[in-house]
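**Student:** Okay, here's the structure, questions in a sec.
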Amino acid sequence: MEELKIDLEHCYGIRRLKHTFDFRDCQAAAFYAPNGAMKSSLAKTFQDIADGKKSSDRMFPDRKTKRLVVDETGAELDPLSILVVRPYDEEFGPGANTSTLLVNAALRKDYEKLNAGVEGAKRAFLDAMKEQSGSKRDLAAEISATFTRTENQFLTAVIRINDEIKIQSDAPFADIPYDLVFDPKVVEMLEKQQVQEALEDYVIRFNELIDQSTYFKRGTFTYYNASEIAKALESNGFFDAAHSVRLNADQHVEITTKQQLEDLVKAEKEGIAADTKLRKTFEAVEKLLHRNVSVRDFNAFISDREDIVPALSNIGNFKEQVWKSYIVKHRDAYDRLIQEIRDAAEKRKQIEEAARNERTAWQEVIDIFNSRFFVPFELSVQNLTSAVLEGEIPKLGFTFREGDDRKDVDKNALLEVLSTGERKALYILNIIFEVQIRIKAGQRTLMIVDDVADSFDYKNKYAIIQYLKDISEDENFRQIILTHNFDFFRTLESRFLKRDSCFMVAKKEGGIEVSQAVGVRNIFVNDWKVHFGTAPRKRIASIPFMRNLVEFTKGKQDPDYGALTALLHVKPNTATITDAELFEFYNRIFGADARNATPTASTALDLIYQEADACLAEADGANFENKIVLSIATRLRAEQYMIGQINDPETVAGIRGMQTTALLRCFKRLFPTNDATAVMDRVVLMTPENIHLNSFMYEPILDMSDEHLRKIYEQVKAL
């Protein structure tokens, strides 16, 4: 954007404003405007554009609004390109998109690849488990809950059992239908006391029979082991090679075929199963299961798989054994998953270490704030690693400082102890985030900055100015800075704005008038002194300044000091000092004649009143000299009025200091009910700071509107 053209009518109190900003030589411009002139209204208008809303007149919504805001090509602004910075907005804060400031593309890509390898192996493993178990459940949650008692620790669960899987060669429960056996209603039934007692009786008798068995041995050579041995020998051609197996019993039995081994095992099993006492305990279990319709399918299954009944006495352990059996059946998929997890863990350590050491744009924002702004706390990112790698929303950490003490606090607790200025400094942090996001994205942006430094102390005010300067150096940013604080305005101009990019605003009947800034640097030397000889109003405005110079260089005893004082307070010689004498004071103070000296024939007092009367017709604006002229004229008229009412030359002559205040005390004593007292009080309150033109008073003189001065002058004049 090389130019910005605005043409507004009836936008939130702006009757009319037409101006063109030229950003070719300077990417920022500033408006100095008295309060109530147009700052907030202009900011609100731009916010409407950003929000895609229509603008209107706040108090007279029926008025026809005009809002033309275009660039040098006549194109309207993209709403996304507008950023309005309000003086203070407690609700404004870093949003979700601030996480983009943490993205390190290379680290994030490596991390995603890392997870991709684990996720691929996990999917393959779970697909195998689904096929093996026949389950329709969330198997990752099931496995996690089985081995960790929580549903969201799948990777921890599979790692935890790795050593057990390594040494397990058999899979005795691989054919168990998971959803049938571990149906919640089945599990609930099996855990009931009666069922557990019945199962315990069954297990006791079953173990007794196994211990008495000719061929089986508890925990070593079971039904499953025997069946698996028969299958293994057959599949490996053991019997085809004319080998045989000899079983040790009361007498040696030699097995030469698979069928012979299976028949022997079957006969032994049937012998155990036919045991009367065992049958009785099993029937007790079946009877209990039959009572519940919802578990009858399980009961039917168990009738054909009596070999698993002993395991049902500890359903948790049984579930673990079932999953291990499934896994052993698909050891390759499991081993691949374990390897991916371990490889990822090692690489994750390296990547997370790099992430912890990564300097992100978020940290740059925090560094900007911590290093530039003077507040009793420091900032940090609490979850830097997970924010960089996993896309979490970053969380700000706050450390409160008091001397050498440090304490981590949350934001709400911090806000309770911060001053208003310190809260506003924290608000600036949010603005920095928003700006850095746009810089990172290369977003072309027009910033409207509305008195952002208002109520700041000087240390933080200069920090803001420095940051605005930094922004102005980014090729994608343009700024319009609005302020009613002349010191802030003056500092902007001295730090980075060009003089022709600084403007002053006057509110007139027909609308807002924009003019080039004047008096930004040393108004006394660069303006009033230069035009002392030709501009009566600037000449009058210089009276306090010249009196200060005489006081500083020669002292109050100097005759010129007394004469100039007589133009600020009513003295016996006040009415006799001429305009020509003002030039003589000038020549003696500055050691040179005033340029183009053209004194009037009137007295200085008449000139003061004449110029004050002319100020009444001026529009609201900076009006530097107007404020001083009005203040001088108001006080002189007020003193004249009170002296005339008191009518005691001896009392007035006895006043030695604070003349206006002393006159008011006397006036109140003599005329306690006089309506003019309230007007005199306002004169004493409002005029001194505009007359005592030392360096400390310069800023309030300029920032105060002259509307009240015009009004009080008219009231005093009427008296």
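Letters A, B, ... mark the chains of the structure tokens in the order given; residue numbers begin at 1 per chain; ligand numbers begin at 1, in order shown.
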Mind listing the helix (DSSP H, G or I) residues of range 567-610 of chain A, per DSSP on the backbone, as a ChimeraX atom specification?
**Tutor:** /A:574-576,579-590,604-610
**Student:** Please produce an output containing C-alpha atoms for each residue in the selection, written as a PDB file, in the first residue's frame.
**Tutor:**
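File written: result-v5.pdb
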ATOM      1  CA  THR A 574      -0.591  46.584  33.706  1.00  0.00           C
ATOM      2  CA  ALA A 575      -2.804  48.898  31.639  1.00  0.00           C
ATOM      3  CA  THR A 576       0.079  51.136  30.554  1.00  0.00           C
ATOM      4  CA  ASP A 579       2.730  46.341  22.516  1.00  0.00           C
ATOM      5  CA  ALA A 580       5.916  48.156  21.447  1.00  0.00           C
ATOM      6  CA  GLU A 581       7.419  47.454  24.873  1.00  0.00           C
ATOM      7  CA  LEU A 582       6.963  43.740  24.284  1.00  0.00           C
ATOM      8  CA  PHE A 583       9.454  44.078  21.425  1.00  0.00           C
ATOM      9  CA  GLU A 584      11.866  45.872  23.729  1.00  0.00           C
ATOM     10  CA  PHE A 585      11.630  43.026  26.249  1.00  0.00           C
ATOM     11  CA  TYR A 586      12.276  40.580  23.399  1.00  0.00           C
ATOM     12  CA  ASN A 587      15.332  42.475  22.178  1.00  0.00           C
ATOM     13  CA  ARG A 588      16.895  42.622  25.640  1.00  0.00           C
ATOM     14  CA  ILE A 589      16.200  38.950  26.443  1.00  0.00           C
ATOM     15  CA  PHE A 590      17.353  37.467  23.121  1.00  0.00           C
ATOM     16  CA  ALA A 604      -0.445  44.990  25.553  1.00  0.00           C
ATOM     17  CA  LEU A 605      -3.575  44.470  27.681  1.00  0.00           C
ATOM     18  CA  ASP A 606      -5.890  45.510  24.875  1.00  0.00           C
ATOM     19  CA  LEU A 607      -3.975  43.230  22.516  1.00  0.00           C
ATOM     20  CA  ILE A 608      -4.366  40.327  24.956  1.00  0.00           C
ATOM     21  CA  TYR A 609      -8.116  40.820  25.188  1.00  0.00           C
ATOM     22  CA  GLN A 610      -8.433  41.323  21.447  1.00  0.00           C
TER      23      GLN A 610
END
**Student:** Excluding same-chain residues fewer than 4 positions from range 313-325 of chain A, what lies within 9 Å of it counting only C-alpha atoms, as a PyMOL selection string?
**Tutor:** chain A and resi 129+133+143+146-147+161+164-165+168+170-176+178+182+187+190-191+195-197+199-200+203+309+329-330
**Student:** Measuring atom to atom with only C-alpha atoms, identify which of A:Asn430, A:Thr399, A:Thr565, A:Thr677 is nearest to Val365 in chain A.
**Tutor:**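 That would be A:Asn430, the residue with the smallest distance to Val365 in chain A.
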**Student:** Rounded to one decimal place, report the CA of His708 in chain A-CA of Asp681 in chain A distance in Å.
**Tutor:**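 Straight-line distance from CA of His708 in chain A to CA of Asp681 in chain A works out to 13.6 Å.
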**Student:** Could you give me, as a ChimeraX atom specification, the residues within 7 Å of range 664-670 of chain A, counting only C-alpha atoms and dropping anything in the same chain fewer than 6 positions from it?
**Tutor:** /A:642,646,677,680
**Student:** Go ahead and save the picked residues with C-alpha atoms, as an mmCIF file, in the first residue's frame.
**Tutor:**
data_model
loop_
_atom_site.group_PDB
_atom_site.id
_atom_site.type_symbol
_atom_site.label_atom_id
_atom_site.label_comp_id
_atom_site.auth_asym_id
_atom_site.auth_seq_id
_atom_site.Cartn_x
_atom_site.Cartn_y
_atom_site.Cartn_z
ATOM 1 C CA MET A 642 -12.214 40.877 42.016
ATOM 2 C CA ILE A 646 -12.982 44.378 46.800
ATOM 3 C CA THR A 677 -17.247 32.774 43.389
ATOM 4 C CA MET A 680 -13.321 32.469 40.170
#
**Student:** From the list A:Ala676, A:Val449, A:Ile465, A:Ile691, which residue is nearest Ile540 in chain A when using only C-alpha atoms?
**Tutor:**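 Counting only C-alpha atoms, the residue closest to Ile540 in chain A is A:Ile691.
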**Student:** For CA of Gln350 in chain A and CA of Ile338 in chain A, determine how far apart the two atoms are, in Å to one decimal place.
**Tutor:**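 Result for CA of Gln350 in chain A versus CA of Ile338 in chain A: 18.9 Å, one decimal.
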**Student:** Just asking: which residues within range 426-668 of chain A are strand (DSSP E or B) according to DSSP, as a ChimeraX atom specification?
**Tutor:** /A:445-450,477-483,502-508,511-516,578,603,620
**Student:** How many Å lie between CA of Ile368 in chain A and CA of Asn485 in chain A, rounded to one decimal?
**Tutor:**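 Here the two named atoms are 24.3 Å from each other.
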**Student:** Smallest atom-to-atom distance to Leu418 in chain A: which of A:Phe552, A:Phe125, A:Phe400, A:Tyr458, using only C-alpha atoms?
**Tutor:** A:Phe400
**Student:** Report as JSON, numbers by chain all protein, DNA and RNA residues lying within 9 Å of Arg547 in chain A, evaluated on only C-alpha atoms, omitting residues in the same chain fewer than 5 positions from it.
**Tutor:** {"A": [542, 552, 560, 561, 562, 563, 564, 565]}
